[in-house]
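Everything on this sheet refers to the single structure shown next.
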Amino acid sequence: MASITVANLYKAYPLAGGGERLALHNINLQVADGEFVCVLGPSGCGKTTLLNIIAGLDSADSGSVTIEDADGSKPVTSYMFQEPRLLPWMTIHGNLKFVIDRGGKKADELIDYWLARVGLPGRGRDYPRQLSIGQRQRVAVARALLVGPDVLFMDEPFSALDELTATRMREEMLELWADLRCTVVFVTHNPMEATLLADRIVIMSKGPGRIIQNYLVSEHLPRPRDGDDPKMWEASRIAVRALRRGSQP
Amino acid sequence: MTRGNDHLEEHDDGFLGGQLERSSRRARQQRAEGGISVALQVVSYGSLVALWIIGSQLLGSLLPGPVETLAFIWRELERGALLMHLWITTKRVLVSFGVAMVLGVALGSAMGMSKRIDDLLQGWLVVSLTIPRILLFVVAYLSIGLNDRALVIALIITIVPTIVVSIREGSRAVDSALVEMATAFRRGPTSIFTKVVLPQLAPFIVGTARGSLALSWKMVVLGELLGRTSGVGYQISFYFQFFNMTGILAYGLTMMLLLAVIDQGVMGTLQRLAFRWRAPVRVNGVG
């Protein structure tokens, strides 16, 4: 497991007509070992940019990001995108094998194990196009977890799914996370989803993107949580109110 | 209750019956479409042969007919000349084509993925695309000598720019989201290129390979005609000197047939194998 420290982070994008637009303004964030943090904010507030910078897919203009493993080793990170992003020319087995370094029988066993864990046993020989969108996203869950991540980055992974499938996958995700206890940074614009999943919600506002509140959900709502519990709705209102405050000029 | 079930069964039978009828109608329609397609192709090739026959009847000794040409091909086959010259030409084409493909794919992908490399090689590409091809053969023969090396080098320079242009456009169309996914999982540059980029370039590679192979076949004849003493191009040049139209047609026709076999047989099969993951499959997934 690993912890994340983001300090004094700034990011700007150049504008077509000259000048630049500040996307992230002085972001400071700490994520503890094994913590499940949701970054919640309206569209265009820079939450995906922040996630990509932490994950090393984008660079900041200034500031620092440190990911440290508790035992001093190099932390393993993993990413789950909004879309499954599977390689269509590879079978499901091939897609999963692509992200792991080891080969042979052990790799095959690991892949079979994770396919079974996400409810797709025996589908390794299929191509992505043979699976439904929900099943492809399950493969993306398997791919993200089979590398044994210390840190898992998730960018609105259930937003493209229908609500029934998304609800089921959130529950399954929580079960898997309860087993693995890796550090998670989860980006979403859905306050209910954030409240259900997170230990803590980091609320951002836009223009430029900045953190306006840290909301410790676990203080209001202990785990395990039930999506149908009226307390969930009450707890999510705190996040909604913070979002509204942030969007006021 | 019973009435209700009966009604359901009747409904099911009707539904299934309708579905079966629709699928058999679709199958009949597909068979008919297939038959029409074959017939049209037969008409297409047949009209060419018919035009040849009519032309040979009208022009007399100026244009030998198919029977005369095939008889010449048979004689050349019997004395071993046809196969020998075909094999020499094929070797030249395959070597040039292989080297040109490797160079073209490497340069094209580098230009497509890096603006700096694109800017750096832009001038070379534009110049090489505009050089008259015959000039390349003449310059190669004059500077290197009348040998196979000059012919192969001129052929490579002729084909590479076309491959580069196609692959460069293909590289620009690579899905960056998949590259980002591979980067997020800490895959190395080699792995990303071979497993993420290259498969996306495959349609462009196969497409340009078919076109470039056809171009190589045509250009090699020109190169051999200009400065070699073997190969199909040389044989055409030889029979030209004797005004032997049958010999010219025989060697030309053999080249055309060989190219068609390679294009449809080898390249077509490679294309089908490379894209088998695209084959329509039944979606049986839920939720």
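Ligands are numbered from 1 in the order shown, chains are lettered A, B, ... in the order of the structure tokens, and residues start at 1 in each chain.
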
Per residue of chain A within 7 Å of chain B, note the shortest atom pair and the distance in Å to one decimal, counting only C-alpha atoms, and order the rows by chain and increasing residue number, as a tab-separated table.
```
residue	atom	partner	partner_atom	distance
A:Leu57	CA	B:Ala184	CA	6.6
A:Ser78	CA	B:Phe185	CA	6.0
A:Tyr79	CA	B:Ala184	CA	6.2
A:Arg85	CA	B:Leu178	CA	6.0
A:Trp89	CA	B:Trp277	CA	5.4
A:Val99	CA	B:Phe185	CA	6.0
A:Gln130	CA	B:Val283	CA	4.8
A:Leu131	CA	B:Gly285	CA	5.0
A:Ser132	CA	B:Gly285	CA	5.0
A:Gly134	CA	B:Gly287	CA	5.3
A:Gln135	CA	B:Gly287	CA	6.5
A:Thr165	CA	B:Gly287	CA	6.3
```

With a distance cut-off of 9 Å and only C-alpha atoms, select the neighbouring residues of B:Ala154, excluding the residue or stretch itself and same-chain residues fewer than 6 positions from it, and output the selection as an NGL selection string.
-> :B and (96 or 133 or 136-141 or 223)

Any chance you could export the current selection's N, CA and C atoms as a short mmCIF file (atom, residue, chain, number, x, y, z; two decimals), in the first residue's frame?
```cif
data_model
loop_
_atom_site.label_atom_id
_atom_site.label_comp_id
_atom_site.auth_asym_id
_atom_site.auth_seq_id
_atom_site.Cartn_x
_atom_site.Cartn_y
_atom_site.Cartn_z
N SER B 96 13.22 -5.86 -53.11
CA SER B 96 12.93 -4.42 -53.07
C SER B 96 11.71 -4.14 -52.20
N ARG B 133 9.84 8.55 -62.05
CA ARG B 133 10.40 7.23 -61.70
C ARG B 133 11.44 6.75 -62.70
N LEU B 136 14.87 7.84 -61.87
CA LEU B 136 15.54 7.08 -60.80
C LEU B 136 16.33 5.92 -61.38
N PHE B 137 15.70 5.18 -62.33
CA PHE B 137 16.38 4.02 -62.92
C PHE B 137 17.59 4.46 -63.74
N VAL B 138 17.40 5.53 -64.50
CA VAL B 138 18.50 6.01 -65.35
C VAL B 138 19.67 6.45 -64.47
N VAL B 139 19.37 7.25 -63.44
CA VAL B 139 20.43 7.75 -62.54
C VAL B 139 21.10 6.58 -61.82
N ALA B 140 20.29 5.61 -61.37
CA ALA B 140 20.86 4.46 -60.64
C ALA B 140 21.79 3.65 -61.55
N TYR B 141 21.37 3.40 -62.78
CA TYR B 141 22.21 2.64 -63.72
C TYR B 141 23.49 3.39 -64.05
N GLY B 223 12.44 -1.13 -65.20
CA GLY B 223 13.86 -1.15 -64.84
C GLY B 223 14.64 -2.19 -65.63
#
```

Quick one: pull the distance between atom CA of A:Pro88 and atom CA of A:Arg170, Å, one decimal.
->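 Atom-to-atom, atom CA of A:Pro88 to atom CA of A:Arg170, that is 25.1 Å.
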
Compile the contact shell of B:Leu103 as JSON, numbers by chain: residues with an atom at most 7 Å away, counting only C-alpha atoms, same-chain residues fewer than 4 positions apart removed.
-> {"B": [99, 107, 160]}

How would the residues just picked look written out with C-alpha atoms as a PDB file, in the first residue's frame?
```
ATOM      1  CA  VAL B  99      13.290  -3.589 -47.765  1.00  0.00           C
ATOM      2  CA  LEU B 107       9.862   6.169 -41.330  1.00  0.00           C
ATOM      3  CA  VAL B 160       9.290   3.927 -50.108  1.00  0.00           C
TER       4      VAL B 160
END
```

Expected answer as a PyMOL selection string: strand (DSSP E or B) residues in stretch 17-248 of chain A = chain A and resi 20-31+36-40+62-69+77-80+151-155+183-188+200-205+209-216

Residues from the last selection, C-alpha atoms, saved as a tab-separated table (two decimals), in the first residue's frame:
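The result, written out as again_38.tsv:
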```tsv
chain	number	residue	atom	x	y	z
A	20	GLU	CA	-3.58	30.39	-21.07
A	21	ARG	CA	-6.37	28.99	-18.94
A	22	LEU	CA	-5.55	27.96	-15.39
A	23	ALA	CA	-6.90	24.43	-14.90
A	24	LEU	CA	-5.60	23.70	-11.39
A	25	HIS	CA	-4.82	26.26	-8.73
A	26	ASN	CA	-2.64	25.46	-5.73
A	27	ILE	CA	-3.80	21.89	-5.13
A	28	ASN	CA	-2.68	20.34	-1.85
A	29	LEU	CA	-3.83	16.84	-1.09
A	30	GLN	CA	-2.85	13.97	1.19
A	31	VAL	CA	-4.16	10.44	0.67
A	36	PHE	CA	-10.55	5.53	-0.52
A	37	VAL	CA	-10.73	9.14	-1.64
A	38	CYS	CA	-13.29	10.45	-4.09
A	39	VAL	CA	-12.57	13.66	-5.97
A	40	LEU	CA	-15.96	15.24	-6.58
A	62	SER	CA	4.63	23.53	-10.82
A	63	GLY	CA	4.23	21.65	-7.56
A	64	SER	CA	4.98	18.05	-6.68
A	65	VAL	CA	3.36	14.64	-6.48
A	66	THR	CA	4.85	11.93	-4.28
A	67	ILE	CA	3.63	8.36	-4.09
A	68	GLU	CA	5.38	6.41	-1.35
A	69	ASP	CA	5.07	2.78	-0.43
A	77	THR	CA	-0.18	1.88	-9.69
A	78	SER	CA	-3.15	1.01	-11.80
A	79	TYR	CA	-5.82	2.94	-13.68
A	80	MET	CA	-9.44	2.44	-14.58
A	151	VAL	CA	-2.66	2.72	-5.68
A	152	LEU	CA	-5.70	2.51	-7.93
A	153	PHE	CA	-6.77	5.53	-9.97
A	154	MET	CA	-10.37	5.53	-11.22
A	155	ASP	CA	-11.78	8.13	-13.59
A	183	THR	CA	-5.23	3.26	-1.84
A	184	VAL	CA	-7.90	4.56	-4.23
A	185	VAL	CA	-8.35	7.94	-5.88
A	186	PHE	CA	-11.75	7.92	-7.56
A	187	VAL	CA	-12.96	10.82	-9.71
A	188	THR	CA	-16.70	11.38	-10.04
A	200	ARG	CA	-13.28	11.02	2.28
A	201	ILE	CA	-14.61	13.24	-0.48
A	202	VAL	CA	-12.38	15.99	-1.83
A	203	ILE	CA	-14.73	18.59	-3.32
A	204	MET	CA	-13.48	20.79	-6.14
A	205	SER	CA	-14.87	23.88	-7.79
A	209	GLY	CA	-10.01	24.06	-10.37
A	210	ARG	CA	-9.30	24.14	-6.66
A	211	ILE	CA	-10.15	22.11	-3.58
A	212	ILE	CA	-12.88	23.80	-1.57
A	213	GLN	CA	-13.65	21.14	1.05
A	214	ASN	CA	-12.51	17.83	2.49
A	215	TYR	CA	-15.57	15.90	3.61
A	216	LEU	CA	-14.87	12.93	5.87
```

Could you jot down the atom CA of B:Leu222 to atom CA of B:Tyr234 separation for me, Å, one decimal place?
->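 The value is 8.8 Å.
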
Exercise: B:Thr90 partners within 10 Å, only C-alpha atoms, chain neighbours under 5 positions left out, as a PyMOL selection string | chain B and resi 84-85+95-96+216-217+220+231-232+255+258-259

Just asking: which residues within stretch 79-206 of chain A are helix (DSSP H, G or I) according to DSSP, as a VMD selection string?
-> chain A and resid 92 to 98 104 to 117 128 to 130 133 to 146 163 to 180 191 to 197

Distance query A:Glu171 at most 9 Å, only C-alpha atoms, self and fewer than 5 positions along chain excluded, as a PyMOL selection string | chain A and resi 166+176+196-197+226-227

Closest of B:Val38, B:Val174, B:Ile167, B:Leu20 to B:Ser109 - atom-to-atom distances counting only C-alpha atoms |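 Result for the nearest residue to B:Ser109: B:Ile167.
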
In Å, how far is it from atom CA of B:Ala173 to atom CA of B:Val105?
->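 Between atom CA of B:Ala173 and atom CA of B:Val105 the gap works out to 14.6 Å.
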